[in-house]
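Trainee: My file is target24.cif. It has mmCIF, C-alpha atoms and all ligand atoms:
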```
data_target
loop_
_atom_site.label_atom_id
_atom_site.label_comp_id
_atom_site.auth_asym_id
_atom_site.auth_seq_id
_atom_site.Cartn_x
_atom_site.Cartn_y
_atom_site.Cartn_z
CA MET A 1 20.90 -98.98 56.02
CA ASN A 2 24.07 -100.65 57.28
CA ILE A 3 26.31 -97.64 57.08
CA LYS A 4 26.44 -94.84 59.57
CA LYS A 5 27.90 -91.39 59.69
CA GLY A 6 31.57 -91.54 60.66
CA ASP A 7 32.11 -95.07 59.34
CA LYS A 8 35.16 -95.83 57.27
CA VAL A 9 34.15 -97.10 53.86
CA ILE A 10 35.83 -98.23 50.67
CA ILE A 11 34.61 -97.06 47.28
CA LEU A 12 33.67 -99.91 44.94
CA ALA A 13 32.96 -98.02 41.74
CA GLY A 14 33.76 -94.82 39.92
CA LYS A 15 36.87 -92.72 39.69
CA ASP A 16 37.80 -93.20 43.35
CA GLN A 17 37.39 -96.95 43.29
CA GLY A 18 39.51 -98.66 45.94
CA LYS A 19 39.97 -95.56 48.05
CA THR A 20 38.77 -95.27 51.60
CA GLY A 21 37.27 -92.39 53.49
CA LYS A 22 34.96 -91.38 56.28
CA VAL A 23 31.22 -91.08 55.76
CA LEU A 24 30.19 -87.46 56.10
CA GLN A 25 26.52 -87.62 55.39
CA ILE A 26 23.83 -90.14 54.66
CA PHE A 27 20.80 -89.41 52.52
CA THR A 28 18.52 -92.22 53.57
CA ASP A 29 15.65 -91.20 51.32
CA ARG A 30 17.84 -91.28 48.24
CA ASN A 31 20.10 -94.18 49.28
CA ARG A 32 23.17 -92.06 48.88
CA VAL A 33 26.20 -91.22 50.97
CA SER A 34 28.92 -88.63 50.77
CA VAL A 35 32.44 -89.56 51.79
CA GLU A 36 35.11 -87.18 52.98
CA GLY A 37 37.55 -86.21 50.23
CA LEU A 38 36.14 -88.68 47.71
CA ASN A 39 34.04 -88.45 44.57
CA LEU A 40 34.83 -84.76 44.47
CA SER A 41 32.87 -82.45 42.28
CA ILE A 42 33.56 -78.83 41.56
CA LYS A 43 30.98 -76.19 42.05
CA HIS A 44 31.54 -72.86 40.38
CA MET A 45 30.49 -69.88 42.39
CA ARG A 46 29.83 -66.67 40.57
CA PRO A 47 31.18 -63.50 42.11
CA ARG A 48 28.55 -62.01 44.36
CA ARG A 49 29.90 -58.50 44.32
CA GLN A 50 31.77 -56.53 41.76
CA GLY A 51 35.51 -56.93 42.04
CA GLU A 52 35.14 -60.34 43.69
CA LYS A 53 36.48 -63.38 41.99
CA GLY A 54 34.38 -66.35 41.13
CA GLN A 55 35.33 -69.41 43.11
CA ARG A 56 35.61 -73.08 42.47
CA ILE A 57 34.59 -75.12 45.43
CA GLU A 58 35.37 -78.79 45.67
CA PHE A 59 32.87 -80.85 47.54
CA PRO A 60 32.26 -84.58 47.95
CA ALA A 61 29.30 -85.51 45.80
CA ALA A 62 26.86 -88.06 47.11
CA MET A 63 27.12 -91.51 45.61
CA ASN A 64 24.91 -94.54 45.71
CA ILE A 65 25.20 -96.52 48.90
CA SER A 66 25.72 -99.72 46.92
CA ASN A 67 29.01 -98.26 45.66
CA VAL A 68 30.55 -98.23 49.09
CA MET A 69 31.38 -100.99 51.52
CA LEU A 70 32.12 -100.72 55.21
CA VAL A 71 35.72 -101.21 56.27
CA CYS A 72 35.66 -103.09 59.54
CA PRO A 73 37.38 -101.12 62.32
CA LYS A 74 38.44 -104.39 63.95
CA CYS A 75 40.01 -106.34 61.09
CA SER A 76 40.45 -103.44 58.59
CA LYS A 77 38.88 -105.43 55.77
CA PRO A 78 36.01 -104.35 53.55
CA THR A 79 33.11 -106.39 54.76
CA ARG A 80 29.43 -107.01 54.70
CA ILE A 81 27.51 -106.40 57.85
CA GLY A 82 25.35 -108.76 59.79
CA HIS A 83 23.02 -107.92 62.61
CA GLN A 84 22.85 -109.28 66.07
CA THR A 85 20.30 -108.48 68.70
CA ASN A 86 21.22 -108.66 72.32
CA GLU A 87 18.87 -108.54 75.25
CA GLY A 88 20.20 -105.95 77.66
CA SER A 89 18.94 -104.20 80.76
CA LYS A 90 17.37 -101.47 78.63
CA GLY A 91 15.66 -103.88 76.30
CA LYS A 92 16.77 -105.16 72.95
CA LYS A 93 19.79 -103.62 71.34
CA LYS A 94 20.82 -104.15 67.77
CA PHE A 95 24.47 -104.48 66.88
CA ARG A 96 26.25 -104.54 63.60
CA VAL A 97 28.59 -107.47 63.21
CA CYS A 98 31.47 -107.88 60.76
CA LYS A 99 30.94 -110.93 58.56
CA LYS A 100 34.67 -111.43 58.23
CA CYS A 101 35.83 -111.46 61.84
CA ASP A 102 32.49 -111.75 63.70
CA GLN A 103 33.33 -108.80 65.90
CA VAL A 104 30.73 -106.24 66.90
CA VAL A 105 31.32 -103.09 64.88
CA ASP A 106 29.24 -100.64 66.91
ZN ZN B 201 36.05 -107.42 60.88
#
```
Would you mind giving the structure from this file in structure tokens?

Mentor:
Amino acid sequence: MNIKKGDKVIILAGKDQGKTGKVLQIFTDRNRVSVEGLNLSIKHMRPRRQGEKGQRIEFPAAMNISNVMLVCPKCSKPTRIGHQTNEGSKGKKKFRVCKKCDQVVD
């Protein structure tokens, strides 16, 4: 998984294609992500008590991780991610690296 919570991503497919947003949640087991304000679905809530109105709640539906691409925070381009391992004082640390500008993303 190359994408983390809080990353800025661009949507590659679907009705919000080309839009960018922040990753809210990652469902690793299902290979899906949800992105703030994008791929919205509407959930209808029935009134729980008498006299209450039913509600429509918009929420970002999870989409397949292959439909999003990371937007590099350094060069602001949609990019693929490479990995780099550095030997530090606390052992090996893995970094994500932008394939466009070669900058460390993490
Ligand atoms: Zn970059």

Trainee: My list of candidates is A:Asn86, A:Ser66, A:Gln55, A:Asn2. Which is closest to Cys98 (chain A) when distances are computed with all atoms listed in the file?

Mentor: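 Once distances to Cys98 (chain A) are computed over all atoms listed in the file, the minimum belongs to A:Asn2.
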
Trainee: As JSON, numbers by chain, please: every protein or nucleic acid residue near ligand ZN 201 (chain B) (cut-off 8 Å, counting only C-alpha atoms and all ligand atoms).

Mentor: {"A": [71, 72, 73, 74, 75, 76, 77, 78, 79, 97, 98, 99, 100, 101, 102, 103, 105]}

Trainee: When you count only C-alpha atoms, which of these residues is closest to Lys22 (chain A): A:Gly54, A:Gly91, A:Pro60, A:Gly6?

Mentor: A:Gly6

Trainee: Select, from A:Lys43, A:Arg32, A:Arg48, A:Lys53, the residue with the minimum atom-to-atom distance to Ile3 (chain A), counting all atoms listed in the file.

Mentor: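 That would be A:Arg32, the residue with the smallest distance to Ile3 (chain A).
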
Trainee: Take CA of Leu24 (chain A) and CA of Lys5 (chain A) and report the distance between them in Å, one decimal.

Mentor: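 Those two atoms sit 5.8 Å apart.
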
Trainee: Just to confirm, what's the straight-line distance from CA of Val104 (chain A) to CA of Val33 (chain A) in Å (one decimal)?

Mentor: 22.4 Å
